[in-house]
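Enquirer: I'm passing along work-v4.cif; it holds mmCIF, C-alpha atoms.
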data_upload
#
loop_
_atom_site.label_atom_id
_atom_site.label_comp_id
_atom_site.auth_asym_id
_atom_site.auth_seq_id
_atom_site.Cartn_x
_atom_site.Cartn_y
_atom_site.Cartn_z
CA MET Z 1 45.95 -10.66 25.28
CA LYS Z 2 42.24 -10.90 25.95
CA GLU Z 3 40.40 -7.82 24.75
CA THR Z 4 36.76 -6.85 25.01
CA ILE Z 5 34.96 -6.14 21.74
CA PHE Z 6 31.74 -4.15 21.98
CA LEU Z 7 29.13 -4.80 19.37
CA LYS Z 8 25.95 -2.88 18.67
CA MET Z 9 23.59 -3.83 15.87
CA ARG Z 10 22.29 -0.98 13.75
CA HIS Z 11 18.53 -0.68 13.46
CA ARG Z 12 18.06 -0.48 9.72
CA VAL Z 13 20.50 -0.35 6.82
CA GLN Z 14 20.10 -0.17 3.05
CA VAL Z 15 22.22 -2.15 0.60
CA GLN Z 16 22.48 -2.67 -3.16
CA PRO Z 17 21.17 -5.91 -4.68
CA ASN Z 18 23.83 -8.68 -4.61
CA ALA Z 19 25.91 -6.71 -2.14
CA THR Z 20 28.15 -8.47 0.36
CA ILE Z 21 27.17 -7.51 3.87
CA ARG Z 22 30.13 -7.04 6.20
CA ILE Z 23 30.08 -6.85 9.96
CA GLY Z 24 30.76 -3.11 9.80
CA ASP Z 25 27.64 -2.62 7.66
CA VAL Z 26 25.20 -4.04 10.15
CA ALA Z 27 26.96 -3.30 13.46
CA GLN Z 28 29.06 -0.74 15.22
CA VAL Z 29 32.19 -2.35 16.64
CA VAL Z 30 34.42 -0.81 19.30
CA ALA Z 31 37.54 -2.36 20.83
CA ASN Z 32 40.88 -1.45 22.31
CA LYS Z 33 42.83 -2.87 19.38
CA GLN Z 34 42.97 -2.78 15.59
CA ILE Z 35 39.57 -3.91 14.34
CA ASP Z 36 39.67 -2.89 10.68
CA ASP Z 37 39.94 -6.47 9.49
CA ILE Z 38 37.18 -7.58 11.85
CA VAL Z 39 34.83 -4.91 10.56
CA GLN Z 40 35.53 -6.01 6.99
CA THR Z 41 34.59 -9.64 7.63
CA PRO Z 42 31.83 -10.62 5.19
CA ILE Z 43 28.87 -12.34 6.80
CA TYR Z 44 26.27 -12.60 4.09
CA THR Z 45 25.71 -12.00 0.39
CA VAL Z 46 22.32 -10.70 -0.69
CA GLN Z 47 20.56 -12.97 -3.17
CA LYS Z 48 17.60 -12.68 -5.48
CA LYS Z 49 15.42 -14.87 -3.30
CA ASP Z 50 15.84 -12.54 -0.35
CA ARG Z 51 13.47 -10.10 -2.09
CA ASN Z 52 13.81 -6.77 -0.30
CA ILE Z 53 14.20 -7.55 3.40
CA VAL Z 54 16.93 -9.55 5.11
CA ILE Z 55 17.16 -9.84 8.88
CA VAL Z 56 20.68 -10.31 10.25
CA ASP Z 57 20.57 -11.69 13.77
CA VAL Z 58 23.16 -10.74 16.36
CA MET Z 59 23.97 -14.44 16.86
CA HIS Z 60 25.01 -14.70 13.24
CA VAL Z 61 27.39 -11.74 13.65
CA MET Z 62 28.69 -13.25 16.90
CA LYS Z 63 29.49 -16.49 15.10
CA ALA Z 64 31.49 -14.64 12.47
CA LEU Z 65 33.23 -12.53 15.11
CA MET Z 66 34.23 -15.55 17.17
CA ALA Z 67 35.78 -17.04 14.05
CA VAL Z 68 38.02 -14.02 13.40
CA ALA Z 69 38.66 -13.06 17.03
CA PRO Z 70 38.50 -16.34 18.94
CA HIS Z 71 40.33 -15.15 22.05
CA ASP Z 72 38.42 -11.97 22.69
CA ASP Z 73 35.45 -11.27 24.87
CA ILE Z 74 32.45 -10.05 22.84
CA GLN Z 75 29.82 -7.84 24.40
CA SER Z 76 26.61 -7.14 22.52
CA LEU Z 77 24.55 -4.04 23.22
CA GLY Z 78 21.33 -2.62 21.81
CA PRO Z 79 18.97 -4.30 19.35
CA SER Z 80 19.48 -7.97 18.65
CA GLN Z 81 18.96 -7.81 14.88
CA THR Z 82 19.41 -5.49 11.94
CA ILE Z 83 16.87 -4.99 9.21
CA VAL Z 84 18.70 -4.96 5.90
CA GLU Z 85 16.67 -3.35 3.19
CA VAL Z 86 17.70 -4.28 -0.34
CA VAL Z 87 17.12 -1.22 -2.50
CA TYR Z 88 16.36 -2.16 -6.07
CA GLU Z 89 16.17 0.52 -8.72
CA LYS Z 90 14.32 3.57 -7.50
CA LYS Z 91 10.65 3.24 -8.24
CA ARG Z 92 9.98 5.98 -10.78
CA TRP Z 93 6.35 5.08 -11.36
CA GLY Z 94 5.53 6.08 -7.79
CA TYR Z 95 5.63 9.70 -8.87
CA LEU Z 96 3.23 9.10 -11.74
CA TYR Z 97 0.57 8.23 -9.21
CA VAL Z 98 1.04 11.41 -7.25
CA PRO Z 99 -1.15 13.69 -9.42
CA ILE Z 100 -3.91 11.06 -9.48
CA VAL Z 101 -3.80 10.59 -5.72
CA TRP Z 102 -3.61 14.36 -5.27
CA LEU Z 103 -6.79 14.85 -7.31
CA LEU Z 104 -8.44 11.95 -5.50
CA LEU Z 105 -7.75 13.50 -2.12
CA PHE Z 106 -8.69 16.98 -3.34
CA VAL Z 107 -12.05 15.99 -4.79
CA GLY Z 108 -12.76 13.43 -2.09
CA SER Z 109 -12.12 15.70 0.85
CA GLY Z 110 -14.14 18.46 -0.83
CA LEU Z 111 -17.09 16.11 -1.28
CA ALA Z 112 -16.68 14.79 2.27
CA ILE Z 113 -16.89 18.28 3.77
CA MET Z 114 -20.01 19.06 1.69
CA ASN Z 115 -21.65 15.87 2.86
CA PHE Z 116 -20.71 16.72 6.42
CA HIS Z 117 -22.30 20.17 6.12
CA GLU Z 118 -25.51 18.70 4.74
CA ASP Z 119 -25.50 15.96 7.34
CA VAL Z 120 -25.39 18.33 10.30
CA SER Z 121 -27.66 20.97 8.63
CA MET Z 122 -24.82 23.47 8.80
CA GLN Z 123 -26.67 25.95 6.55
CA GLN Z 124 -29.62 26.30 8.93
CA VAL Z 125 -27.35 26.53 11.96
CA GLN Z 126 -25.30 29.26 10.31
CA GLN Z 127 -28.42 31.18 9.23
CA ARG Z 128 -29.74 31.10 12.79
CA LEU Z 129 -26.36 32.00 14.25
CA TYR Z 130 -26.09 34.93 11.86
CA ARG Z 131 -29.56 36.10 12.92
CA VAL Z 132 -28.62 35.81 16.59
CA ILE Z 133 -25.47 37.87 16.09
CA THR Z 134 -26.62 40.58 13.69
CA GLY Z 135 -30.39 40.52 14.11
CA LYS Z 136 -30.82 40.22 10.33
CA ASP Z 137 -32.32 37.35 8.36
CA VAL Z 138 -30.03 36.42 5.50
CA GLU Z 139 -30.46 33.39 3.27
CA LYS Z 140 -26.75 33.03 2.53
CA PRO Z 141 -24.68 34.36 5.46
CA LEU Z 142 -21.50 34.60 3.38
CA TRP Z 143 -19.92 36.96 5.93
CA PHE Z 144 -19.88 33.96 8.21
CA GLN Z 145 -19.35 31.21 5.68
CA ILE Z 146 -16.29 32.43 3.74
CA PRO Z 147 -14.14 32.97 6.85
CA TYR Z 148 -15.40 29.61 8.06
CA SER Z 149 -14.22 27.91 4.86
CA LEU Z 150 -10.77 29.51 5.04
CA GLY Z 151 -10.60 28.62 8.73
CA LEU Z 152 -11.11 24.97 7.80
CA GLY Z 153 -7.82 24.98 5.92
CA ILE Z 154 -6.02 26.94 8.64
CA GLY Z 155 -7.20 24.48 11.26
CA MET Z 156 -5.90 21.49 9.32
CA ILE Z 157 -2.52 23.15 8.74
CA LEU Z 158 -2.29 24.09 12.42
CA PHE Z 159 -3.06 20.55 13.47
CA PHE Z 160 -0.45 19.00 11.21
CA ASN Z 161 2.04 21.79 11.96
CA HIS Z 162 3.01 22.13 8.34
CA PHE Z 163 2.78 24.96 5.89
CA PHE Z 164 4.12 23.45 2.70
CA LYS Z 165 7.78 22.68 3.40
CA LYS Z 166 8.00 25.13 6.27
CA ARG Z 167 7.10 23.92 9.71
CA ILE Z 168 5.66 26.22 12.32
CA ASN Z 169 7.86 24.96 15.16
CA GLU Z 170 10.55 22.40 15.95
CA GLU Z 171 8.37 19.60 17.26
CA PRO Z 172 7.46 16.71 14.98
CA SER Z 173 3.91 16.95 13.70
CA PRO Z 174 1.35 14.25 14.62
CA LEU Z 175 1.64 13.04 11.04
CA GLU Z 176 5.37 12.47 11.38
CA VAL Z 177 4.86 10.69 14.69
CA GLU Z 178 2.16 8.59 13.02
CA MET Z 179 4.50 7.72 10.12
CA PHE Z 180 7.20 6.80 12.62
CA GLN Z 181 4.88 4.53 14.59
CA TYR Z 182 3.62 2.87 11.45
CA GLN Z 183 7.21 2.22 10.32
CA GLN Z 184 8.03 0.82 13.76
CA SER Z 185 5.11 -1.57 13.63
CA LEU Z 186 6.22 -2.70 10.18
CA ASP Z 187 9.79 -3.20 11.43
CA GLN Z 188 8.56 -5.14 14.42
CA TYR Z 189 6.53 -7.35 12.10
CA VAL Z 190 9.40 -8.17 9.74
CA ILE Z 191 11.74 -8.80 12.68
CA MET Z 192 9.33 -11.37 14.04
CA HIS Z 193 8.27 -12.95 10.77
CA GLU Z 194 11.31 -12.78 8.48
CA ASN Z 195 13.96 -13.60 11.05
CA LYS Z 196 13.54 -17.36 11.42
CA GLU Z 197 13.07 -17.87 7.69
CA THR Z 198 16.08 -15.84 6.68
CA MET Z 199 18.32 -17.35 9.29
CA ARG Z 200 17.44 -20.84 8.17
CA ARG Z 201 18.30 -19.94 4.62
CA MET Z 202 21.55 -18.39 5.76
CA ASP Z 203 22.52 -21.51 7.68
CA ASP Z 204 21.76 -23.66 4.64
CA ASP Z 205 24.26 -21.64 2.66
CA SER Z 206 27.09 -21.84 5.13
CA MET U 1 -45.15 18.48 40.10
CA ILE U 2 -44.04 14.84 39.89
CA ARG U 3 -44.33 15.04 36.13
CA GLU U 4 -42.07 18.13 35.97
CA LEU U 5 -39.52 16.42 38.19
CA ILE U 6 -39.45 13.38 35.91
CA VAL U 7 -39.03 15.61 32.83
CA ALA U 8 -36.20 17.50 34.57
CA PHE U 9 -34.54 14.21 35.47
CA VAL U 10 -34.77 12.92 31.91
CA GLY U 11 -33.36 16.21 30.61
CA LEU U 12 -30.48 16.10 33.07
CA ALA U 13 -29.69 12.49 32.20
CA GLY U 14 -29.76 13.22 28.47
CA GLY U 15 -27.53 16.25 28.92
CA LEU U 16 -25.06 14.18 30.96
CA ALA U 17 -24.85 11.53 28.27
CA VAL U 18 -24.41 14.03 25.43
CA GLY U 19 -21.93 16.17 27.37
CA SER U 20 -19.71 13.29 28.40
CA GLY U 21 -19.85 11.91 24.87
CA PHE U 22 -18.78 15.27 23.46
CA VAL U 23 -15.83 15.52 25.84
CA ALA U 24 -14.82 11.91 25.15
CA PHE U 25 -14.88 12.65 21.42
CA LEU U 26 -12.65 15.71 21.86
CA THR U 27 -10.28 13.71 24.06
CA VAL U 28 -9.90 10.88 21.56
CA LEU U 29 -9.12 13.33 18.77
CA GLY U 30 -6.61 15.22 20.94
CA VAL U 31 -7.35 18.69 19.61
CA ILE U 32 -6.80 20.51 22.91
CA PRO U 33 -3.38 18.92 23.68
CA ARG U 34 -2.38 19.78 20.13
CA LEU U 35 -3.30 23.45 20.65
CA THR U 36 -1.45 23.66 23.95
CA GLN U 37 1.58 22.05 22.33
CA LEU U 38 1.54 24.56 19.46
CA THR U 39 1.22 27.56 21.77
CA LYS U 40 3.31 26.12 24.61
CA THR U 41 0.62 26.84 27.18
CA MET U 42 0.30 23.49 28.96
CA LYS U 43 -0.26 25.31 32.25
CA TRP U 44 -3.55 26.75 31.02
CA ILE U 45 -5.12 23.44 30.09
CA ALA U 46 -7.71 23.71 32.92
CA THR U 47 -8.76 27.11 31.54
CA TYR U 48 -9.15 25.57 28.09
CA GLU U 49 -11.35 22.85 29.54
CA TRP U 50 -13.60 25.51 31.02
CA GLY U 51 -13.62 27.23 27.64
CA VAL U 52 -14.99 24.07 26.03
CA VAL U 53 -17.59 23.53 28.78
CA LEU U 54 -18.78 27.15 28.82
CA GLY U 55 -18.87 27.23 25.01
CA ALA U 56 -21.07 24.15 24.94
CA VAL U 57 -23.38 25.45 27.68
CA VAL U 58 -23.73 28.98 26.27
CA SER U 59 -24.34 27.68 22.75
CA SER U 60 -26.97 25.20 23.84
CA TRP U 61 -28.69 27.92 25.84
CA MET U 62 -28.62 30.21 22.77
CA SER U 63 -29.96 27.51 20.48
CA LEU U 64 -32.83 26.86 22.89
CA ARG U 65 -33.76 30.48 23.72
CA ASP U 66 -33.01 32.13 20.35
CA PRO U 67 -31.93 35.56 21.64
CA LEU U 68 -31.38 38.45 19.20
CA PHE U 69 -28.41 40.81 19.22
CA SER U 70 -27.47 43.57 16.76
CA PHE U 71 -23.73 43.16 16.35
CA PRO U 72 -22.05 44.14 13.06
CA PRO U 73 -21.52 41.33 10.48
CA ILE U 74 -17.74 41.51 11.04
CA LEU U 75 -18.29 39.72 14.37
CA ALA U 76 -20.04 36.95 12.44
CA SER U 77 -16.91 36.73 10.27
CA ALA U 78 -14.67 36.38 13.32
CA ILE U 79 -16.87 33.66 14.80
CA GLY U 80 -17.03 31.99 11.38
CA LEU U 81 -13.24 31.92 11.13
CA PHE U 82 -12.90 30.45 14.60
CA SER U 83 -15.50 27.76 14.01
CA GLY U 84 -13.82 26.96 10.69
CA VAL U 85 -10.43 26.50 12.37
CA PHE U 86 -12.04 24.25 14.96
CA VAL U 87 -13.82 22.06 12.40
CA GLY U 88 -10.62 21.96 10.33
CA MET U 89 -8.69 20.67 13.32
CA LEU U 90 -11.38 18.06 13.98
CA ALA U 91 -11.20 16.91 10.35
CA ALA U 92 -7.41 16.73 10.47
CA ALA U 93 -7.49 14.83 13.74
CA LEU U 94 -9.98 12.37 12.29
CA THR U 95 -7.81 11.55 9.25
CA GLU U 96 -4.86 11.18 11.60
CA VAL U 97 -6.72 8.77 13.90
CA LEU U 98 -7.80 6.73 10.90
CA ASN U 99 -4.16 6.38 9.77
CA VAL U 100 -4.89 7.37 6.17
CA PHE U 101 -1.67 9.14 5.24
CA PRO U 102 1.03 6.75 6.51
CA ILE U 103 -0.46 3.83 4.63
CA LEU U 104 -1.12 5.84 1.47
CA ALA U 105 2.39 7.31 1.41
CA LYS U 106 3.97 3.94 2.09
CA ARG U 107 2.03 2.25 -0.70
CA LEU U 108 3.08 4.90 -3.18
CA GLY U 109 6.65 5.04 -1.90
CA ILE U 110 6.57 8.80 -1.45
CA ASP U 111 7.31 9.18 2.25
CA GLU U 112 9.04 12.53 1.71
CA GLN U 113 6.26 14.07 -0.35
CA ILE U 114 3.56 13.44 2.23
CA VAL U 115 3.05 17.21 2.61
CA VAL U 116 1.86 17.28 -1.00
CA LEU U 117 -0.93 14.83 -0.13
CA LEU U 118 -1.74 16.86 2.96
CA MET U 119 -2.07 20.06 0.94
CA ALA U 120 -4.40 18.24 -1.47
CA MET U 121 -6.74 17.58 1.43
CA VAL U 122 -6.46 21.12 2.78
CA PHE U 123 -7.22 22.73 -0.60
CA GLY U 124 -9.95 20.18 -1.22
CA LYS U 125 -11.68 21.06 2.03
CA VAL U 126 -11.47 24.81 1.44
CA ALA U 127 -12.60 24.55 -2.18
CA GLY U 128 -15.40 22.12 -1.33
CA SER U 129 -16.66 24.33 1.45
CA LEU U 130 -16.57 27.55 -0.63
CA PHE U 131 -18.29 25.77 -3.51
CA HIS U 132 -20.95 24.50 -1.15
CA TRP U 133 -21.82 27.87 0.40
CA ILE U 134 -21.46 30.10 -2.65
CA TYR U 135 -22.93 27.93 -5.41
CA PHE U 136 -24.29 24.57 -4.29
CA VAL U 137 -26.86 25.69 -1.70
CA ASN U 138 -29.18 27.42 -4.19
CA ARG U 139 -29.20 24.63 -6.74
#
Write the structure described by the file as C-alpha cells, please.

Expert:
Amino acid sequence: MKETIFLKMRHRVQVQPNATIRIGDVAQVVANKQIDDIVQTPIYTVQKKDRNIVIVDVMHVMKALMAVAPHDDIQSLGPSQTIVEVVYEKKRWGYLYVPIVWLLLFVGSGLAIMNFHEDVSMQQVQQRLYRVITGKDVEKPLWFQIPYSLGLGIGMILFFNHFFKKRINEEPSPLEVEMFQYQQSLDQYVIMHENKETMRRMDDDS
Amino acid sequence: MIRELIVAFVGLAGGLAVGSGFVAFLTVLGVIPRLTQLTKTMKWIATYEWGVVLGAVVSSWMSLRDPLFSFPPILASAIGLFSGVFVGMLAAALTEVLNVFPILAKRLGIDEQIVVLLMAMVFGKVAGSLFHWIYFVNR
C-alpha cells in the first residue's frame, strides 16, 4: 500500500570522527508504518578529508529513502540540508588562552576608558559640574567620580543583562542574540560553500 | 541687526546638526530600546525621548551660562552614578555593535564562557576609571 513518509532535515548535528551517518541522524522521519529500518539506513561515512563540516543535502537523503521505500510517497519539509559537525577531541588548549584573553580585555578596556576620559576632557567637565551643583571648587571631585566609575560597570551589566551566571530576566541578552546571528551567518556560509563540494565527493564514493 | 540674524542662523544650524547627530548616535547604539526592554516600559518611550532632549538642552544651557547652586555633595554622587551607568551602557553597546565578543569566543572555542570575557571588560572599565580619577590625574 502506498504510504506517505514525511521527512524533515535537522538544522545541525554533531557526530564522532569516522561515524556512519544514518537517515535518522540527519532527519526526522514520520510515517504511518514501521520505519525503524528506514531510519537506520546509512547514507554516509565521515572521512578524514571531510575535516569538520559535512553538508548532507535533502536530495541525497531522498535518494537513499527511495531505494529502501520505493513505493512510498516522500514529503520533505523544513530546511533542505543538514550541517554535520564532526567533533574531534575536545580542544583543551582553548581554556589555556582564557586567562590571557581575560587579562587582555581587562587591561585593554581599562586603558580605553582612560583614553576616552582624557579625550573628552572628562576631568574638567566633572570639576565644573561639581562646582555647579555644590558651589565649591574641588580639584578632584571624588564624590562624583567614584559613583561614576561604579556606574560604568553597572551600565555594562545592565546592557548585557548578565550578572555572572545569573541573568536579570528571561529575555536573551543582546550578546546572545549577537552570538546567534553570527552562528547563523557562519551556517549560511558553509551551506552555500561546502554543499557542492561535499556532494560531489559523496557522489564519487557511491 | 543683519549680523545678529546671521549669527543666530549659524547657531541654529550648528545646533540642528549636532542634535540630530547625537540622536542618530543613540539610535544606532540602541540604548533606549534596551532600557525599555529591561524595565518593560515600552509605552513610555515617548517620555524617554523627551528625557533625552530635555537633558541635552538643559545641560547645554548650564554649560553655557555656568550657574551656581549649593546642593550637598551627595547629589553630585547620585548624578555621577547615573552618568556612569549611561556611559557604561554606551560602552557596552559599542562593543556589541563592533561584534567583538562573538568572534573572540568563537576563535577560542569558549562559547559558554563568554560571560567570563564580559566580566573582564566590566572589571577593567571600573578599575581603569577608578585608577584614572584617584591616582592618574595628579601624576

Enquirer: So that I can see what lies close to region 4-19 of chain Z, please list as a PyMOL selection string the residues with an atom at most 8 Å from it, counting all atoms listed in the file and leaving out residues fewer than 6 positions away in the same chain.

Expert: chain Z and resi 25-32+45-48+58+72-88

Enquirer: Show me which bits of chain U are within 7 Å of chain Z, counting only C-alpha atoms, as a count of residues only.

Expert: 42

Enquirer: Just checking: using all atoms listed in the file, which residue out of Z:Ile38, Z:Ile23, Z:Ile43, Z:Met59 ends up closest to Asn195 (chain Z)?

Expert: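 Closest to Asn195 (chain Z), using all atoms listed in the file: Z:Met59.
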
Enquirer: Pick from Z:Thr20, Z:Ile55, Z:Pro42, Z:Lys2: nearest to Gln188 (chain Z), with only C-alpha atoms counted?

Expert: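 Among the listed residues, the smallest separation from Gln188 (chain Z) belongs to Z:Ile55.
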
Enquirer: Once the PyMOL selection byres ((chain U and resi 30) around 12) has been applied to the shown file, what residues remain in the selection, as JSON, numbers by chain?

Expert: {"Z": [159, 174], "U": [23, 24, 25, 26, 27, 28, 29, 31, 32, 33, 34, 35, 36, 37, 89, 90, 91, 92, 93, 94, 96, 97]}

Enquirer: Show me, as JSON, the centre and edge lengths in Å to one decimal of the axis-aligned box that covers every listed atom of region 100-105 of chain Z with 5 Å on each side.

Expert:
{"center_x": -6.0, "center_y": 12.7, "center_z": -5.8, "size_x": 14.8, "size_y": 14.3, "size_z": 17.4}

Enquirer: Suppose you want the space between CA of Gly55 (chain U) and CA of Gly14 (chain U); what is it in Å?

Expert: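 Between these atoms lies a distance of 18.1 Å.
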
Enquirer: Using Å and a single decimal, report how far CA of Asn52 (chain Z) sits from CA of Val68 (chain Z).

Expert: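 Between these atoms lies a distance of 28.7 Å.
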
Enquirer: Find the distance between CA of Ile74 (chain U) and CA of Gln127 (chain Z) and write it in Å to one decimal.

Expert: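 Going from CA of Ile74 (chain U) over to CA of Gln127 (chain Z), I get 15.0 Å.
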